[in-house]
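Asker: Below: one structure in structure tokens.
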Amino acid sequence: MRPFLRHSRAILLTTALATAAGCADVEGLRDDGDRGTVHAPRSLWKDIRPDPPAPGQQPGTATAVPGLAKVPDLSMRGVNAVDVVRADITAATAADAGTGRLVDPRAIQRLALCTQAVDGGPDCPVRPAVLADVTGNGRDELITALDLDGRLSELRVYTVQEDGTIARILSQRAVLEGVEVAAEHLAVREPTSNPEKVSISDYIWDPEAGILNLSQLTLDECPGARDDAGPCPAPVTASVTPSGTG
């Protein structure tokens, strides 16, 4: 037999043994066993698609709140948060036609608990407003939420546009286990089905769209033990300034 043929057959034999036996280590060949079968993901309900959003329900644009006076000094500090939320919820409810896509159907009934007091009164479900600059233009936005029940809330963020119009730049229905704010940045913490995990929706100011856009969705460990059904505590973050208007 020719030398090069013997050499080639030796290489093929070595390769075949390595393939049959598994991986090689410093002690020789070893068998890693059956690693199982890899299955491709299954696409469920491939033939069913949601309808496109109706006019007025298109995401990705700021929404001017109708029925509010323009703000001449472009500052949210003199704006009543309850009035802003009431005007926004009323308009959204009319546009929503009861579908629940724009606003929870219970929101109007909940707002009826608010009085004409500056803070809406003791039973008003509108949270105290917070002022923070999340657009990076040097002016504070108004951050608040309407609590629908003991768990679910409608989170709303508003800004004053250059013409003095108040516009909503974020609307999110969520279980607000925590809300954190930093420059041009807002994070919403929500519980998950795993009590040791919390979901974080990270919104960042998008100057082209003129809204707070969802930038990242992550899971985080819930700090500390959760032996009861209490909320997952949020980490300590930079403080924000209460507006004192709602």
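Identifiers in the structure tokens: chain A, B, ... in order shown; residue index from 1 per chain; ligand index from 1 in order shown.
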Neighbouring residues of segment 214-219 of chain A were defined as those with any atom within 6 Å, considering only C-alpha atoms; residues of the same chain fewer than 3 positions away were excluded. Please report them as a list in words.
Answerer: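 After dropping sequence-adjacent residues, the list is Val198, Ser199, Ile200, Ser201, Asp202 and Tyr203 of chain A.
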Asker: Tell me which protein, DNA and RNA residues are within 12 Å of Glu208 of chain A, counting only C-alpha atoms, leaving out same-chain ones fewer than 4 positions away, and put them as a short mmCIF file (atom, residue, chain, number, x, y, z; two decimals) with N, CA and C atoms, in the first residue's frame.
Answerer:
data_model
loop_
_atom_site.label_atom_id
_atom_site.label_comp_id
_atom_site.auth_asym_id
_atom_site.auth_seq_id
_atom_site.Cartn_x
_atom_site.Cartn_y
_atom_site.Cartn_z
N GLY A 60 -46.59 56.39 18.66
CA GLY A 60 -45.40 57.08 18.19
C GLY A 60 -45.54 58.55 17.92
N THR A 61 -46.61 59.18 18.39
CA THR A 61 -46.77 60.63 18.21
C THR A 61 -47.29 61.25 19.50
N ALA A 62 -46.86 62.47 19.74
CA ALA A 62 -47.38 63.21 20.88
C ALA A 62 -48.83 63.60 20.63
N THR A 135 -37.20 65.51 28.79
CA THR A 135 -37.01 65.79 27.37
C THR A 135 -35.66 66.43 27.09
N ILE A 204 -37.18 56.31 26.83
CA ILE A 204 -36.19 57.36 26.59
C ILE A 204 -36.81 58.39 25.63
N LEU A 212 -41.87 59.90 24.71
CA LEU A 212 -41.01 58.94 25.40
C LEU A 212 -41.25 57.58 24.75
N ASN A 213 -40.24 57.05 24.12
CA ASN A 213 -40.36 55.79 23.39
C ASN A 213 -39.79 54.65 24.21
#
Asker: Any idea what's packed within 8 Å of Thr93 of chain A, counting only C-alpha atoms, ignoring anything in its chain fewer than 4 positions away? Could you give it as a CSV table (one decimal) with N, CA and C atoms, in the first residue's frame?
Answerer:
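What landed in part_9.csv:
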chain,number,residue,atom,x,y,z
A,89,ILE,N,-58.2,62.3,29.9
A,89,ILE,CA,-59.1,61.1,30.0
A,89,ILE,C,-60.4,61.3,29.4
A,97,ALA,N,-64.3,55.1,22.5
A,97,ALA,CA,-65.6,54.4,22.3
A,97,ALA,C,-65.8,53.1,23.1
A,98,GLY,N,-65.2,53.1,24.3
A,98,GLY,CA,-65.4,51.9,25.1
A,98,GLY,C,-64.6,50.7,24.8
A,102,LEU,N,-57.4,53.0,24.4
A,102,LEU,CA,-56.8,54.3,24.8
A,102,LEU,C,-56.8,54.5,26.3
A,103,VAL,N,-57.9,54.1,26.9
A,103,VAL,CA,-58.0,54.4,28.4
A,103,VAL,C,-58.9,53.3,29.0
A,105,PRO,N,-62.0,51.8,30.8
A,105,PRO,CA,-63.4,52.3,30.9
A,105,PRO,C,-63.7,52.8,32.3
A,108,ILE,N,-63.2,57.4,33.9
A,108,ILE,CA,-64.1,58.5,34.1
A,108,ILE,C,-64.8,58.4,35.4
Asker: Mind checking DSSP for segment 36-226 of chain A and telling me the strand (DSSP E) residues as a short mmCIF file (atom, residue, chain, number, x, y, z; two decimals) with all heavy atoms, in the first residue's frame?
Answerer:
data_model
loop_
_atom_site.label_atom_id
_atom_site.label_comp_id
_atom_site.auth_asym_id
_atom_site.auth_seq_id
_atom_site.Cartn_x
_atom_site.Cartn_y
_atom_site.Cartn_z
N THR A 63 -49.62 63.64 21.70
CA THR A 63 -51.04 63.95 21.57
C THR A 63 -51.38 65.20 22.35
O THR A 63 -51.25 65.22 23.58
CB THR A 63 -51.90 62.77 22.09
OG1 THR A 63 -51.57 61.59 21.36
CG2 THR A 63 -53.37 63.07 21.93
N ALA A 64 -51.77 66.26 21.64
CA ALA A 64 -52.17 67.49 22.33
C ALA A 64 -53.46 67.22 23.10
O ALA A 64 -54.38 66.59 22.60
CB ALA A 64 -52.38 68.60 21.32
N VAL A 130 -45.44 64.98 39.80
CA VAL A 130 -44.00 65.12 39.95
C VAL A 130 -43.49 65.89 38.73
O VAL A 130 -43.91 65.64 37.60
CB VAL A 130 -43.32 63.74 40.04
CG1 VAL A 130 -41.81 63.88 39.96
CG2 VAL A 130 -43.71 63.03 41.33
N LEU A 131 -42.60 66.83 38.98
CA LEU A 131 -42.00 67.59 37.90
C LEU A 131 -40.56 67.12 37.68
O LEU A 131 -39.77 67.04 38.62
CB LEU A 131 -42.01 69.09 38.22
CG LEU A 131 -43.39 69.74 38.35
CD1 LEU A 131 -43.25 71.21 38.72
CD2 LEU A 131 -44.19 69.59 37.06
N ALA A 132 -40.24 66.80 36.44
CA ALA A 132 -38.89 66.37 36.10
C ALA A 132 -38.67 66.59 34.61
O ALA A 132 -39.58 66.42 33.80
CB ALA A 132 -38.68 64.90 36.45
N GLU A 141 -41.28 68.35 32.82
CA GLU A 141 -42.52 67.70 32.40
C GLU A 141 -43.33 67.33 33.65
O GLU A 141 -42.80 67.32 34.76
CB GLU A 141 -42.22 66.43 31.59
CG GLU A 141 -41.97 66.69 30.13
CD GLU A 141 -40.72 67.50 29.88
OE1 GLU A 141 -39.64 67.13 30.39
OE2 GLU A 141 -40.81 68.52 29.17
N LEU A 142 -44.62 67.05 33.44
CA LEU A 142 -45.51 66.67 34.52
C LEU A 142 -45.75 65.16 34.44
O LEU A 142 -46.19 64.65 33.41
CB LEU A 142 -46.83 67.43 34.42
CG LEU A 142 -47.82 67.30 35.57
CD1 LEU A 142 -48.69 68.56 35.67
CD2 LEU A 142 -48.74 66.08 35.39
N ILE A 143 -45.43 64.46 35.52
CA ILE A 143 -45.60 63.01 35.60
C ILE A 143 -46.64 62.70 36.67
O ILE A 143 -46.51 63.15 37.81
CB ILE A 143 -44.27 62.32 35.94
CG1 ILE A 143 -43.17 62.72 34.96
CG2 ILE A 143 -44.44 60.80 35.97
CD1 ILE A 143 -41.78 62.28 35.37
N THR A 144 -47.65 61.94 36.31
CA THR A 144 -48.68 61.58 37.29
C THR A 144 -49.31 60.26 36.86
O THR A 144 -48.92 59.65 35.86
CB THR A 144 -49.74 62.68 37.41
OG1 THR A 144 -50.65 62.36 38.48
CG2 THR A 144 -50.53 62.86 36.13
N ALA A 145 -50.28 59.80 37.64
CA ALA A 145 -50.96 58.55 37.32
C ALA A 145 -52.36 58.58 37.91
O ALA A 145 -52.59 59.19 38.96
CB ALA A 145 -50.18 57.35 37.87
N LEU A 146 -53.27 57.93 37.23
CA LEU A 146 -54.63 57.77 37.72
C LEU A 146 -54.77 56.32 38.18
O LEU A 146 -54.67 55.39 37.39
CB LEU A 146 -55.64 58.07 36.60
CG LEU A 146 -57.10 57.72 36.88
CD1 LEU A 146 -57.66 58.57 38.02
CD2 LEU A 146 -57.95 57.90 35.62
N ASP A 147 -55.01 56.13 39.47
CA ASP A 147 -55.16 54.78 40.03
C ASP A 147 -56.57 54.28 39.77
O ASP A 147 -57.55 54.88 40.22
CB ASP A 147 -54.86 54.79 41.52
CG ASP A 147 -53.40 55.10 41.81
OD1 ASP A 147 -52.54 54.72 41.00
OD2 ASP A 147 -53.12 55.73 42.85
N SER A 153 -53.01 51.10 37.22
CA SER A 153 -52.98 52.56 37.09
C SER A 153 -52.76 52.95 35.63
O SER A 153 -52.27 52.17 34.82
CB SER A 153 -51.85 53.16 37.94
OG SER A 153 -51.98 52.81 39.30
N GLU A 154 -53.16 54.20 35.34
CA GLU A 154 -52.87 54.81 34.04
C GLU A 154 -51.77 55.85 34.27
O GLU A 154 -52.00 56.92 34.81
CB GLU A 154 -54.11 55.50 33.46
CG GLU A 154 -55.24 54.56 33.08
CD GLU A 154 -55.21 54.18 31.60
OE1 GLU A 154 -54.32 54.69 30.88
OE2 GLU A 154 -56.07 53.39 31.18
N LEU A 155 -50.54 55.52 33.86
CA LEU A 155 -49.41 56.43 33.99
C LEU A 155 -49.43 57.42 32.83
O LEU A 155 -49.60 57.02 31.67
CB LEU A 155 -48.10 55.64 33.98
CG LEU A 155 -46.80 56.45 33.99
CD1 LEU A 155 -46.65 57.21 35.30
CD2 LEU A 155 -45.61 55.54 33.76
N ARG A 156 -49.29 58.71 33.14
CA ARG A 156 -49.33 59.75 32.11
C ARG A 156 -48.18 60.73 32.31
O ARG A 156 -47.88 61.13 33.44
CB ARG A 156 -50.65 60.51 32.15
CG ARG A 156 -51.91 59.64 32.00
CD ARG A 156 -52.13 59.25 30.56
NE ARG A 156 -53.11 58.20 30.40
CZ ARG A 156 -54.09 58.21 29.52
NH1 ARG A 156 -54.25 59.25 28.73
NH2 ARG A 156 -54.91 57.18 29.41
N VAL A 157 -47.54 61.13 31.20
CA VAL A 157 -46.49 62.15 31.23
C VAL A 157 -46.86 63.22 30.21
O VAL A 157 -47.20 62.91 29.06
CB VAL A 157 -45.11 61.55 30.90
CG1 VAL A 157 -44.03 62.65 30.98
CG2 VAL A 157 -44.77 60.42 31.87
N TYR A 158 -46.76 64.48 30.63
CA TYR A 158 -47.16 65.61 29.78
C TYR A 158 -46.01 66.62 29.68
O TYR A 158 -45.24 66.81 30.62
CB TYR A 158 -48.39 66.33 30.37
CG TYR A 158 -49.58 65.42 30.58
CD1 TYR A 158 -49.80 64.80 31.80
CD2 TYR A 158 -50.49 65.19 29.55
CE1 TYR A 158 -50.90 63.97 32.01
CE2 TYR A 158 -51.59 64.36 29.75
CZ TYR A 158 -51.79 63.75 30.97
OH TYR A 158 -52.87 62.93 31.17
N THR A 159 -45.96 67.29 28.53
CA THR A 159 -44.99 68.35 28.31
C THR A 159 -45.69 69.58 27.75
O THR A 159 -46.83 69.48 27.27
CB THR A 159 -43.89 67.89 27.33
OG1 THR A 159 -42.81 68.83 27.35
CG2 THR A 159 -44.41 67.76 25.91
N VAL A 160 -45.02 70.72 27.82
CA VAL A 160 -45.52 71.95 27.19
C VAL A 160 -44.75 72.14 25.89
O VAL A 160 -43.52 72.23 25.89
CB VAL A 160 -45.36 73.17 28.09
CG1 VAL A 160 -45.88 74.42 27.39
CG2 VAL A 160 -46.09 72.98 29.41
N ILE A 166 -50.32 71.89 25.87
CA ILE A 166 -49.94 70.75 26.71
C ILE A 166 -50.20 69.47 25.92
O ILE A 166 -51.29 69.27 25.38
CB ILE A 166 -50.74 70.75 28.02
CG1 ILE A 166 -50.36 71.97 28.87
CG2 ILE A 166 -50.50 69.46 28.80
CD1 ILE A 166 -51.15 72.09 30.15
N ALA A 167 -49.17 68.62 25.85
CA ALA A 167 -49.28 67.38 25.07
C ALA A 167 -48.87 66.19 25.92
O ALA A 167 -47.97 66.28 26.76
CB ALA A 167 -48.41 67.45 23.82
N ARG A 168 -49.56 65.09 25.70
CA ARG A 168 -49.19 63.84 26.37
C ARG A 168 -48.08 63.16 25.58
O ARG A 168 -48.20 62.96 24.37
CB ARG A 168 -50.40 62.92 26.47
CG ARG A 168 -50.05 61.57 27.05
CD ARG A 168 -51.19 60.60 27.20
NE ARG A 168 -52.44 60.94 26.58
CZ ARG A 168 -52.81 60.48 25.40
NH1 ARG A 168 -52.00 59.72 24.69
NH2 ARG A 168 -54.00 60.81 24.91
N ILE A 169 -46.99 62.78 26.27
CA ILE A 169 -45.86 62.14 25.59
C ILE A 169 -45.66 60.69 26.06
O ILE A 169 -44.79 59.99 25.54
CB ILE A 169 -44.56 62.94 25.79
CG1 ILE A 169 -44.23 63.11 27.27
CG2 ILE A 169 -44.67 64.29 25.09
CD1 ILE A 169 -42.88 63.79 27.52
N LEU A 170 -46.48 60.26 27.02
CA LEU A 170 -46.45 58.86 27.42
C LEU A 170 -47.78 58.50 28.08
O LEU A 170 -48.28 59.24 28.92
CB LEU A 170 -45.31 58.57 28.41
CG LEU A 170 -45.25 57.13 28.95
CD1 LEU A 170 -44.93 56.15 27.82
CD2 LEU A 170 -44.24 56.99 30.07
N SER A 171 -48.32 57.38 27.68
CA SER A 171 -49.51 56.82 28.32
C SER A 171 -49.27 55.33 28.47
O SER A 171 -49.06 54.63 27.47
CB SER A 171 -50.75 57.09 27.46
OG SER A 171 -51.88 56.41 28.00
N GLN A 172 -49.30 54.85 29.69
CA GLN A 172 -49.01 53.44 29.94
C GLN A 172 -49.90 52.90 31.05
O GLN A 172 -49.89 53.42 32.15
CB GLN A 172 -47.53 53.27 30.33
CG GLN A 172 -47.12 51.85 30.63
CD GLN A 172 -47.15 50.95 29.41
OE1 GLN A 172 -47.05 51.43 28.29
NE2 GLN A 172 -47.31 49.67 29.61
N ARG A 173 -50.70 51.89 30.72
CA ARG A 173 -51.50 51.21 31.74
C ARG A 173 -50.65 50.12 32.35
O ARG A 173 -50.13 49.25 31.65
CB ARG A 173 -52.76 50.62 31.11
CG ARG A 173 -53.81 50.15 32.10
CD ARG A 173 -55.03 49.66 31.35
NE ARG A 173 -55.47 50.65 30.38
CZ ARG A 173 -56.26 50.39 29.34
NH1 ARG A 173 -56.69 49.16 29.13
NH2 ARG A 173 -56.62 51.35 28.51
N ALA A 174 -50.46 50.18 33.67
CA ALA A 174 -49.50 49.26 34.27
C ALA A 174 -49.78 49.08 35.75
O ALA A 174 -50.50 49.85 36.38
CB ALA A 174 -48.08 49.80 34.08
N GLY A 178 -43.01 50.40 40.71
CA GLY A 178 -41.99 51.42 40.90
C GLY A 178 -41.85 52.26 39.64
O GLY A 178 -41.98 51.74 38.54
N VAL A 179 -41.62 53.55 39.82
CA VAL A 179 -41.36 54.45 38.70
C VAL A 179 -40.11 55.24 39.05
O VAL A 179 -40.04 55.86 40.11
CB VAL A 179 -42.54 55.40 38.43
CG1 VAL A 179 -42.22 56.31 37.25
CG2 VAL A 179 -43.82 54.61 38.16
N GLU A 180 -39.12 55.20 38.17
CA GLU A 180 -37.87 55.90 38.41
C GLU A 180 -37.62 56.86 37.25
O GLU A 180 -37.94 56.54 36.10
CB GLU A 180 -36.73 54.88 38.51
CG GLU A 180 -36.94 53.86 39.63
CD GLU A 180 -36.24 52.55 39.33
OE1 GLU A 180 -35.17 52.57 38.72
OE2 GLU A 180 -36.79 51.50 39.70
N VAL A 181 -37.05 58.01 37.57
CA VAL A 181 -36.86 59.02 36.55
C VAL A 181 -35.45 59.58 36.63
O VAL A 181 -34.88 59.73 37.70
CB VAL A 181 -37.91 60.16 36.70
CG1 VAL A 181 -37.73 60.92 38.00
CG2 VAL A 181 -37.84 61.13 35.52
N ALA A 182 -34.88 59.83 35.44
CA ALA A 182 -33.59 60.50 35.31
C ALA A 182 -33.67 61.33 34.04
O ALA A 182 -34.70 61.34 33.35
CB ALA A 182 -32.45 59.49 35.23
N HIS A 185 -35.18 60.06 30.62
CA HIS A 185 -35.17 58.63 30.92
C HIS A 185 -36.22 58.34 31.99
O HIS A 185 -36.26 59.01 33.02
CB HIS A 185 -33.77 58.31 31.46
CG HIS A 185 -33.43 56.87 31.53
ND1 HIS A 185 -33.14 56.11 30.44
CD2 HIS A 185 -33.30 56.05 32.60
CE1 HIS A 185 -32.84 54.88 30.83
NE2 HIS A 185 -32.93 54.82 32.14
N LEU A 186 -37.10 57.35 31.75
CA LEU A 186 -38.10 56.98 32.72
C LEU A 186 -38.26 55.46 32.70
O LEU A 186 -38.42 54.87 31.63
CB LEU A 186 -39.44 57.67 32.43
CG LEU A 186 -40.55 57.48 33.47
CD1 LEU A 186 -41.32 58.79 33.67
CD2 LEU A 186 -41.52 56.39 33.03
N ALA A 187 -38.19 54.83 33.87
CA ALA A 187 -38.29 53.38 33.97
C ALA A 187 -39.51 53.01 34.80
O ALA A 187 -39.74 53.58 35.87
CB ALA A 187 -37.02 52.79 34.58
N VAL A 188 -40.27 52.05 34.31
CA VAL A 188 -41.47 51.57 34.99
C VAL A 188 -41.23 50.12 35.41
O VAL A 188 -40.96 49.26 34.58
CB VAL A 188 -42.71 51.65 34.08
CG1 VAL A 188 -43.94 51.13 34.81
CG2 VAL A 188 -42.92 53.09 33.62
N ARG A 189 -41.33 49.87 36.71
CA ARG A 189 -41.13 48.53 37.25
C ARG A 189 -42.49 47.88 37.48
O ARG A 189 -43.36 48.46 38.13
CB ARG A 189 -40.34 48.59 38.56
CG ARG A 189 -38.98 49.23 38.42
CD ARG A 189 -38.35 49.52 39.78
NE ARG A 189 -38.10 48.31 40.53
CZ ARG A 189 -37.00 47.58 40.44
NH1 ARG A 189 -36.03 47.94 39.61
NH2 ARG A 189 -36.84 46.49 41.17
N GLU A 190 -42.66 46.65 36.96
CA GLU A 190 -43.91 45.91 37.11
C GLU A 190 -43.62 44.49 37.59
O GLU A 190 -42.59 43.91 37.25
CB GLU A 190 -44.66 45.84 35.78
CG GLU A 190 -45.10 47.18 35.24
CD GLU A 190 -45.92 47.01 33.98
OE1 GLU A 190 -47.09 46.60 34.07
OE2 GLU A 190 -45.39 47.28 32.88
N PRO A 191 -44.52 43.92 38.38
CA PRO A 191 -44.32 42.54 38.82
C PRO A 191 -44.49 41.56 37.66
O PRO A 191 -45.10 41.88 36.63
CB PRO A 191 -45.42 42.34 39.87
CG PRO A 191 -46.48 43.32 39.49
CD PRO A 191 -45.77 44.51 38.90
N LYS A 197 -38.70 38.05 40.25
CA LYS A 197 -38.32 38.87 39.10
C LYS A 197 -39.25 40.07 38.97
O LYS A 197 -40.42 40.00 39.32
CB LYS A 197 -38.38 38.05 37.80
CG LYS A 197 -37.47 36.84 37.77
CD LYS A 197 -36.03 37.23 37.59
CE LYS A 197 -35.15 35.98 37.42
NZ LYS A 197 -33.74 36.33 37.23
N VAL A 198 -38.71 41.16 38.47
CA VAL A 198 -39.50 42.34 38.18
C VAL A 198 -39.19 42.77 36.75
O VAL A 198 -38.05 42.68 36.28
CB VAL A 198 -39.20 43.48 39.18
CG1 VAL A 198 -37.75 43.92 39.12
CG2 VAL A 198 -40.11 44.68 38.94
N SER A 199 -40.23 43.20 36.02
CA SER A 199 -40.07 43.66 34.65
C SER A 199 -39.83 45.17 34.65
O SER A 199 -40.49 45.92 35.38
CB SER A 199 -41.33 43.33 33.84
OG SER A 199 -41.31 43.98 32.60
N ILE A 200 -38.88 45.62 33.84
CA ILE A 200 -38.55 47.05 33.77
C ILE A 200 -38.71 47.52 32.33
O ILE A 200 -38.01 47.05 31.43
CB ILE A 200 -37.12 47.33 34.25
CG1 ILE A 200 -36.93 46.83 35.68
CG2 ILE A 200 -36.82 48.82 34.17
CD1 ILE A 200 -35.52 46.99 36.20
N SER A 201 -39.66 48.43 32.12
CA SER A 201 -39.84 49.08 30.82
C SER A 201 -39.10 50.40 30.85
O SER A 201 -39.40 51.27 31.67
CB SER A 201 -41.33 49.30 30.53
OG SER A 201 -42.03 48.09 30.52
N ASP A 202 -38.14 50.55 29.97
CA ASP A 202 -37.27 51.73 29.98
C ASP A 202 -37.66 52.65 28.82
O ASP A 202 -37.54 52.27 27.66
CB ASP A 202 -35.82 51.26 29.83
CG ASP A 202 -34.82 52.34 30.17
OD1 ASP A 202 -35.23 53.39 30.66
OD2 ASP A 202 -33.61 52.12 29.94
N TYR A 203 -38.13 53.84 29.16
CA TYR A 203 -38.55 54.82 28.16
C TYR A 203 -37.53 55.94 28.07
O TYR A 203 -37.09 56.47 29.10
CB TYR A 203 -39.92 55.41 28.50
CG TYR A 203 -41.04 54.39 28.50
CD1 TYR A 203 -41.39 53.69 29.66
CD2 TYR A 203 -41.75 54.10 27.33
CE1 TYR A 203 -42.40 52.75 29.65
CE2 TYR A 203 -42.77 53.16 27.32
CZ TYR A 203 -43.09 52.50 28.48
OH TYR A 203 -44.09 51.56 28.47
N ILE A 204 -37.18 56.31 26.83
CA ILE A 204 -36.19 57.36 26.59
C ILE A 204 -36.81 58.39 25.63
O ILE A 204 -37.55 58.04 24.71
CB ILE A 204 -34.89 56.79 26.01
CG1 ILE A 204 -34.21 55.88 27.04
CG2 ILE A 204 -33.93 57.89 25.58
CD1 ILE A 204 -32.93 55.24 26.55
N TRP A 205 -36.47 59.64 25.86
CA TRP A 205 -37.01 60.72 25.03
C TRP A 205 -36.53 60.57 23.59
O TRP A 205 -35.34 60.41 23.31
CB TRP A 205 -36.57 62.06 25.58
CG TRP A 205 -36.94 63.23 24.72
CD1 TRP A 205 -36.10 64.08 24.08
CD2 TRP A 205 -38.27 63.69 24.41
NE1 TRP A 205 -36.81 65.03 23.38
CE2 TRP A 205 -38.14 64.82 23.57
CE3 TRP A 205 -39.54 63.25 24.78
CZ2 TRP A 205 -39.24 65.50 23.08
CZ3 TRP A 205 -40.64 63.94 24.28
CH2 TRP A 205 -40.48 65.06 23.45
N ASP A 206 -37.49 60.61 22.68
CA ASP A 206 -37.23 60.53 21.24
C ASP A 206 -37.56 61.89 20.64
O ASP A 206 -38.73 62.21 20.44
CB ASP A 206 -38.09 59.43 20.61
CG ASP A 206 -37.81 59.24 19.13
OD1 ASP A 206 -37.23 60.14 18.51
OD2 ASP A 206 -38.19 58.18 18.58
N ILE A 211 -41.94 62.01 21.73
CA ILE A 211 -42.54 61.24 22.82
C ILE A 211 -41.46 60.50 23.59
O ILE A 211 -40.29 60.46 23.18
CB ILE A 211 -43.57 60.21 22.29
CG1 ILE A 211 -42.87 59.20 21.38
CG2 ILE A 211 -44.73 60.88 21.61
CD1 ILE A 211 -43.74 58.01 21.01
N LEU A 212 -41.87 59.90 24.71
CA LEU A 212 -41.01 58.94 25.40
C LEU A 212 -41.25 57.58 24.75
O LEU A 212 -42.34 57.02 24.83
CB LEU A 212 -41.34 58.89 26.89
CG LEU A 212 -40.91 60.11 27.73
CD1 LEU A 212 -41.51 60.02 29.13
CD2 LEU A 212 -39.39 60.20 27.80
N ASN A 213 -40.24 57.05 24.12
CA ASN A 213 -40.36 55.79 23.39
C ASN A 213 -39.79 54.65 24.21
O ASN A 213 -38.79 54.81 24.92
CB ASN A 213 -39.59 55.87 22.06
CG ASN A 213 -40.54 55.91 20.87
OD1 ASN A 213 -41.68 55.46 20.95
ND2 ASN A 213 -40.06 56.46 19.76
N LEU A 214 -40.41 53.48 24.11
CA LEU A 214 -39.89 52.30 24.77
C LEU A 214 -38.55 51.94 24.14
O LEU A 214 -38.45 51.70 22.94
CB LEU A 214 -40.86 51.13 24.63
CG LEU A 214 -40.43 49.81 25.28
CD1 LEU A 214 -40.30 49.97 26.79
CD2 LEU A 214 -41.41 48.70 24.95
N SER A 215 -37.51 51.93 24.97
CA SER A 215 -36.16 51.67 24.48
C SER A 215 -35.70 50.26 24.82
O SER A 215 -35.00 49.63 24.04
CB SER A 215 -35.18 52.68 25.08
OG SER A 215 -33.84 52.35 24.78
N GLN A 216 -36.10 49.77 25.99
CA GLN A 216 -35.60 48.48 26.43
C GLN A 216 -36.57 47.85 27.41
O GLN A 216 -37.16 48.55 28.23
CB GLN A 216 -34.22 48.67 27.08
CG GLN A 216 -33.52 47.38 27.46
CD GLN A 216 -32.08 47.63 27.88
OE1 GLN A 216 -31.28 48.14 27.11
NE2 GLN A 216 -31.77 47.30 29.11
N LEU A 217 -36.72 46.55 27.33
CA LEU A 217 -37.57 45.80 28.26
C LEU A 217 -36.71 44.69 28.85
O LEU A 217 -36.21 43.83 28.13
CB LEU A 217 -38.78 45.22 27.53
CG LEU A 217 -39.83 44.50 28.37
CD1 LEU A 217 -40.45 45.44 29.38
CD2 LEU A 217 -40.91 43.90 27.48
N THR A 218 -36.53 44.72 30.18
CA THR A 218 -35.63 43.77 30.82
C THR A 218 -36.29 43.17 32.06
O THR A 218 -37.30 43.65 32.56
CB THR A 218 -34.32 44.45 31.24
OG1 THR A 218 -34.61 45.54 32.13
CG2 THR A 218 -33.56 44.98 30.04
N LEU A 219 -35.66 42.11 32.56
CA LEU A 219 -36.03 41.51 33.83
C LEU A 219 -34.93 41.77 34.84
O LEU A 219 -33.74 41.73 34.50
CB LEU A 219 -36.25 40.00 33.68
CG LEU A 219 -37.51 39.52 32.97
CD1 LEU A 219 -37.50 38.00 32.88
CD2 LEU A 219 -38.76 40.00 33.69
N ASP A 220 -35.31 42.02 36.07
CA ASP A 220 -34.34 42.29 37.12
C ASP A 220 -34.69 41.44 38.34
O ASP A 220 -35.86 41.09 38.54
CB ASP A 220 -34.34 43.78 37.48
CG ASP A 220 -33.13 44.17 38.32
OD1 ASP A 220 -32.20 43.35 38.43
OD2 ASP A 220 -33.12 45.29 38.86
N GLU A 221 -33.68 41.15 39.14
CA GLU A 221 -33.92 40.43 40.38
C GLU A 221 -34.64 41.33 41.37
O GLU A 221 -34.35 42.52 41.46
CB GLU A 221 -32.59 39.96 40.99
CG GLU A 221 -31.79 39.01 40.11
CD GLU A 221 -32.40 37.63 40.06
OE1 GLU A 221 -33.23 37.31 40.94
OE2 GLU A 221 -32.06 36.86 39.14
#
Asker: Between atom CA of Ala81 of chain A and atom CA of Ala129 of chain A, what is the spacing in Å?
Answerer: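 Between these atoms lies a distance of 6.2 Å.
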Asker: Interatomic distance between atom CA of Pro66 of chain A and atom CA of Leu176 of chain A?
Answerer: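 Interatomic distance, atom CA of Pro66 of chain A to atom CA of Leu176 of chain A: 26.5 Å.
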Asker: Find the residues near Leu113 of chain A: any atom within 9 Å, counting only C-alpha atoms, skip ones fewer than 6 places away on the same chain, and give them as an MDAnalysis selection string.
Answerer: chainID A and resid 120:125
Asker: With only C-alpha atoms as the atoms that count, which of A:Asp104, A:Asp73, A:Glu184, A:Asp83 lies nearest to Val134 of chain A?
Answerer: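 So, comparing all the options, the nearest one is A:Glu184.
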Asker: Just the helix (DSSP H, G or I) stuff from segment 13-236 of chain A, please, per backbone DSSP, written as a ChimeraX atom specification.
Answerer: /A:13-21,76-78,81-96,107-111
Asker: Would you mind listing what lies within 8 Å of segment 68-72 of chain A as an MDAnalysis selection string, with only C-alpha atoms counted and same-chain residues fewer than 5 positions away left out?
Answerer: chainID A and resid 84 87 160 163:166
Asker: Separation of atom CA of Arg127 of chain A and atom CA of Val175 of chain A, in Å?
Answerer: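 Taking atom CA of Arg127 of chain A and atom CA of Val175 of chain A, their separation equals 13.9 Å.
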Asker: Go through A:Pro195, A:Cys114, A:Cys222, A:Asn137 one by one, measure the shortest atom-to-atom distance of each to Pro207 of chain A using only C-alpha atoms, and give the residue with the smallest value.
Answerer: A:Asn137
